[in-house]
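Novice: Here it is, the structure in full.
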Amino acid sequence: AKAAKALASAPVKLAKVDATVHNELAKAFEIKGFPTLKFFKNGNPSDYNGGRTESEIVAWLSKKIGPAATTVSSAADLEKLQEAHDAFALGVFSSLDSDAAKRFLQAAEKDESHVYAYTSAADVASKLAVSGETVVVLKTFDDLRADMSVAASTSAEEMAGFVLGNSAPLVQEFSPESSKKIFGSKVTS
């Protein structure tokens, strides 16, 4: 429900089509399995290969219709993000134009499964008790957060790997929906 609220005012519509009834439409879009999700932007379809949970679909849609990472300008903005998402990555940088912030955006652009935000606001860094450039994964489960100090040598891939490894609960019920998240996670112990 948190995730759905994030898209309530977004310019996106979700439609359901029964491909067993609308055979020609299914053939035209090469539907081979069920369920299949397709995203249309300016009439051009793209396939969805993510998870089947509400939050995973909403995160993917948010990336498609908006910026790769949202800007957090204040502690109040941070609280709104925490209310809207079970887990998200927040980059805290000295400047949104810093090299580290640019690499964080590269990570966000490549990762269609997780929510990314970034900030250079002093009150946000203070609220999180963060000094220096840091990627923080804030979550409603496990230890509630994970921090990664960002150095000049930290790559976009390392940041994305950190987000991936810290965005899934350590213990969760195994199901077809959760299997992709479980096996896609970099948690090894």
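Ligands are numbered from 1 in the order shown, residues from 1 within each chain, and chains are lettered A, B, ... in the order they appear in the structure tokens.
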Within 10 Å of Pro67 in chain A, counting only C-alpha atoms, which residues qualify if same-chain residues fewer than 4 places away don't, as a PyMOL selection string?
Specialist: chain A and resi 62-63+71+105+108-109+116-117
Novice: Tell me, as an NGL selection string, which residues lie within 10 Å of Glu157 in chain A, counting only C-alpha atoms; anything in the same chain fewer than 5 positions away does not count.
Specialist: :A and (103-104 or 106-108 or 110-111 or 162-163)
Novice: Do you know which residues are at most 7 Å from Leu96 in chain A counting only C-alpha atoms, after dropping those on the same chain fewer than 3 positions away, and could you put them as a PDB file with N, CA, C and O atoms, in the first residue's frame?
Specialist:
ATOM      1  N   PHE A  93      25.598  13.675  -0.194  1.00  0.00           N
ATOM      2  CA  PHE A  93      26.795  14.191  -0.847  1.00  0.00           C
ATOM      3  C   PHE A  93      27.034  15.649  -0.489  1.00  0.00           C
ATOM      4  O   PHE A  93      26.096  16.376  -0.143  1.00  0.00           O
ATOM      5  N   ALA A 101      28.228  11.909  -6.491  1.00  0.00           N
ATOM      6  CA  ALA A 101      26.788  12.025  -6.750  1.00  0.00           C
ATOM      7  C   ALA A 101      26.467  11.608  -8.183  1.00  0.00           C
ATOM      8  O   ALA A 101      25.452  10.944  -8.435  1.00  0.00           O
ATOM      9  N   THR A 119      20.804  13.753  -1.708  1.00  0.00           N
ATOM     10  CA  THR A 119      20.693  15.040  -1.020  1.00  0.00           C
ATOM     11  C   THR A 119      22.064  15.632  -0.771  1.00  0.00           C
ATOM     12  O   THR A 119      23.071  14.927  -0.719  1.00  0.00           O
ATOM     13  N   SER A 120      22.069  16.935  -0.604  1.00  0.00           N
ATOM     14  CA  SER A 120      23.243  17.652  -0.087  1.00  0.00           C
ATOM     15  C   SER A 120      22.799  18.553   1.067  1.00  0.00           C
ATOM     16  O   SER A 120      23.553  19.404   1.517  1.00  0.00           O
TER      17      SER A 120
END
Novice: So how many Å separate CA of Ala15 in chain A and CA of Phe39 in chain A, to one decimal?
Specialist: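 Between CA of Ala15 in chain A and CA of Phe39 in chain A the gap works out to 10.2 Å.
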Novice: Which is closest to Val115 in chain A among A:Val58, A:Val92, A:Ala100, A:Val130, if we use only C-alpha atoms?
Specialist: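 Comparing A:Val58, A:Val92, A:Ala100, A:Val130 against Val115 in chain A, the winner is A:Val58.
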Novice: Could you pull out the strand (DSSP E) residues of range 97-140 of chain A, going by DSSP on the backbone, and write them as a PyMOL selection string?
Specialist: chain A and resi 116-119+134-139
Novice: Using CA of His22 in chain A and CA of Glu54 in chain A as the two end points, give the distance in Å to one decimal.
Specialist: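 Answer for the CA of His22 in chain A to CA of Glu54 in chain A separation: 25.3 Å.
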Novice: Among chain A, which residues does DSSP mark as helix (DSSP H, G or I) when it is run on the backbone? Keep the chain and numbering as in the structure and answer as a ChimeraX atom specification.
Specialist: /A:2-6,23-28,54-65,75-84,99-110,122-127,156-166,176-184
Novice: Tell me which of A:Glu24, A:Ala59, A:Asp99, A:Gly43 sits closest to Ala84 in chain A, counting only C-alpha atoms.
Specialist: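 Result for the nearest residue to Ala84 in chain A: A:Ala59.
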Novice: Do a neighbour search on Gly50 in chain A at 8 Å with only C-alpha atoms, toss out local chain neighbours closer than 3 positions, and write the hits as a VMD selection string.
Specialist: chain A and resid 56 to 57 60 113 180
Novice: So, counting only C-alpha atoms, which residue among A:Asn166, A:Thr70, A:Asn49, A:Gln172 is closest to Leu138 in chain A?
Specialist: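 For Leu138 in chain A, the nearest of the given residues is A:Asn166.
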Novice: With only C-alpha atoms as the counted atoms, please give the residues lying no more than 12 Å from Leu128 in chain A, apart from itself and same-chain residues fewer than 5 positions off, as a PDB file with N, CA and C atoms, in the first residue's frame.
Specialist:
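Below is the file part_1.pdb, written as the result:
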ATOM      1  N   SER A  74      15.036  18.335   2.355  1.00  0.00           N
ATOM      2  CA  SER A  74      14.870  18.623   3.778  1.00  0.00           C
ATOM      3  C   SER A  74      14.582  17.347   4.554  1.00  0.00           C
ATOM      4  N   ALA A  75      14.647  17.458   5.862  1.00  0.00           N
ATOM      5  CA  ALA A  75      14.312  16.326   6.726  1.00  0.00           C
ATOM      6  C   ALA A  75      12.853  15.913   6.518  1.00  0.00           C
ATOM      7  N   LEU A  78      12.683  13.654   3.600  1.00  0.00           N
ATOM      8  CA  LEU A  78      13.183  12.337   3.994  1.00  0.00           C
ATOM      9  C   LEU A  78      12.079  11.534   4.682  1.00  0.00           C
ATOM     10  N   GLU A  79      11.342  12.169   5.573  1.00  0.00           N
ATOM     11  CA  GLU A  79      10.256  11.490   6.281  1.00  0.00           C
ATOM     12  C   GLU A  79       9.185  11.003   5.305  1.00  0.00           C
ATOM     13  N   LEU A  90      19.590   6.278  -0.161  1.00  0.00           N
ATOM     14  CA  LEU A  90      19.754   7.724  -0.097  1.00  0.00           C
ATOM     15  C   LEU A  90      21.237   8.047  -0.166  1.00  0.00           C
ATOM     16  N   GLY A  91      21.626   8.775  -1.186  1.00  0.00           N
ATOM     17  CA  GLY A  91      23.002   9.248  -1.300  1.00  0.00           C
ATOM     18  C   GLY A  91      23.105  10.607  -0.630  1.00  0.00           C
ATOM     19  N   VAL A  92      24.053  10.748   0.308  1.00  0.00           N
ATOM     20  CA  VAL A  92      24.281  12.018   1.000  1.00  0.00           C
ATOM     21  C   VAL A  92      25.629  12.536   0.505  1.00  0.00           C
ATOM     22  N   THR A 119      20.804  13.753  -1.708  1.00  0.00           N
ATOM     23  CA  THR A 119      20.693  15.040  -1.020  1.00  0.00           C
ATOM     24  C   THR A 119      22.064  15.632  -0.771  1.00  0.00           C
ATOM     25  N   ALA A 121      21.573  18.347   1.545  1.00  0.00           N
ATOM     26  CA  ALA A 121      21.000  19.175   2.613  1.00  0.00           C
ATOM     27  C   ALA A 121      21.634  18.822   3.964  1.00  0.00           C
ATOM     28  N   ALA A 122      22.128  19.841   4.633  1.00  0.00           N
ATOM     29  CA  ALA A 122      22.803  19.646   5.921  1.00  0.00           C
ATOM     30  C   ALA A 122      21.863  19.063   6.976  1.00  0.00           C
ATOM     31  N   ASP A 123      20.581  19.474   6.976  1.00  0.00           N
ATOM     32  CA  ASP A 123      19.671  18.953   8.003  1.00  0.00           C
ATOM     33  C   ASP A 123      19.374  17.467   7.812  1.00  0.00           C
ATOM     34  N   THR A 134      28.128   9.547   1.679  1.00  0.00           N
ATOM     35  CA  THR A 134      27.666   8.247   2.167  1.00  0.00           C
ATOM     36  C   THR A 134      26.429   7.803   1.407  1.00  0.00           C
ATOM     37  N   VAL A 135      26.328   6.509   1.159  1.00  0.00           N
ATOM     38  CA  VAL A 135      25.088   5.922   0.652  1.00  0.00           C
ATOM     39  C   VAL A 135      24.458   5.184   1.827  1.00  0.00           C
ATOM     40  N   VAL A 136      23.204   5.514   2.105  1.00  0.00           N
ATOM     41  CA  VAL A 136      22.477   4.907   3.213  1.00  0.00           C
ATOM     42  C   VAL A 136      21.267   4.178   2.640  1.00  0.00           C
ATOM     43  N   VAL A 137      21.098   2.910   3.004  1.00  0.00           N
ATOM     44  CA  VAL A 137      19.884   2.183   2.654  1.00  0.00           C
ATOM     45  C   VAL A 137      19.010   2.221   3.899  1.00  0.00           C
ATOM     46  N   LEU A 138      17.881   2.896   3.787  1.00  0.00           N
ATOM     47  CA  LEU A 138      16.922   3.000   4.888  1.00  0.00           C
ATOM     48  C   LEU A 138      15.798   2.008   4.618  1.00  0.00           C
ATOM     49  N   LEU A 144      17.219  -1.754  10.039  1.00  0.00           N
ATOM     50  CA  LEU A 144      16.620  -0.464   9.669  1.00  0.00           C
ATOM     51  C   LEU A 144      17.479   0.411   8.768  1.00  0.00           C
ATOM     52  N   ARG A 145      18.790   0.173   8.715  1.00  0.00           N
ATOM     53  CA  ARG A 145      19.631   0.949   7.811  1.00  0.00           C
ATOM     54  C   ARG A 145      20.983   0.282   7.628  1.00  0.00           C
ATOM     55  N   ALA A 146      21.632   0.644   6.540  1.00  0.00           N
ATOM     56  CA  ALA A 146      22.999   0.207   6.267  1.00  0.00           C
ATOM     57  C   ALA A 146      23.710   1.384   5.615  1.00  0.00           C
ATOM     58  N   ASP A 147      24.954   1.635   6.020  1.00  0.00           N
ATOM     59  CA  ASP A 147      25.714   2.780   5.525  1.00  0.00           C
ATOM     60  C   ASP A 147      26.955   2.331   4.769  1.00  0.00           C
TER      61      ASP A 147
END
Novice: Given only C-alpha atoms as the basis, pick out the residue of A:Leu81, A:Ala151, A:Lys13, A:Asn44 nearest to Ala69 in chain A.
Specialist: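 Distance minimum relative to Ala69 in chain A lands on A:Leu81.
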Novice: I'd like the interatomic distance between CA of Thr53 in chain A and CA of Leu170 in chain A, to a tenth of an Å.
Specialist: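 Between these atoms lies a distance of 17.0 Å.
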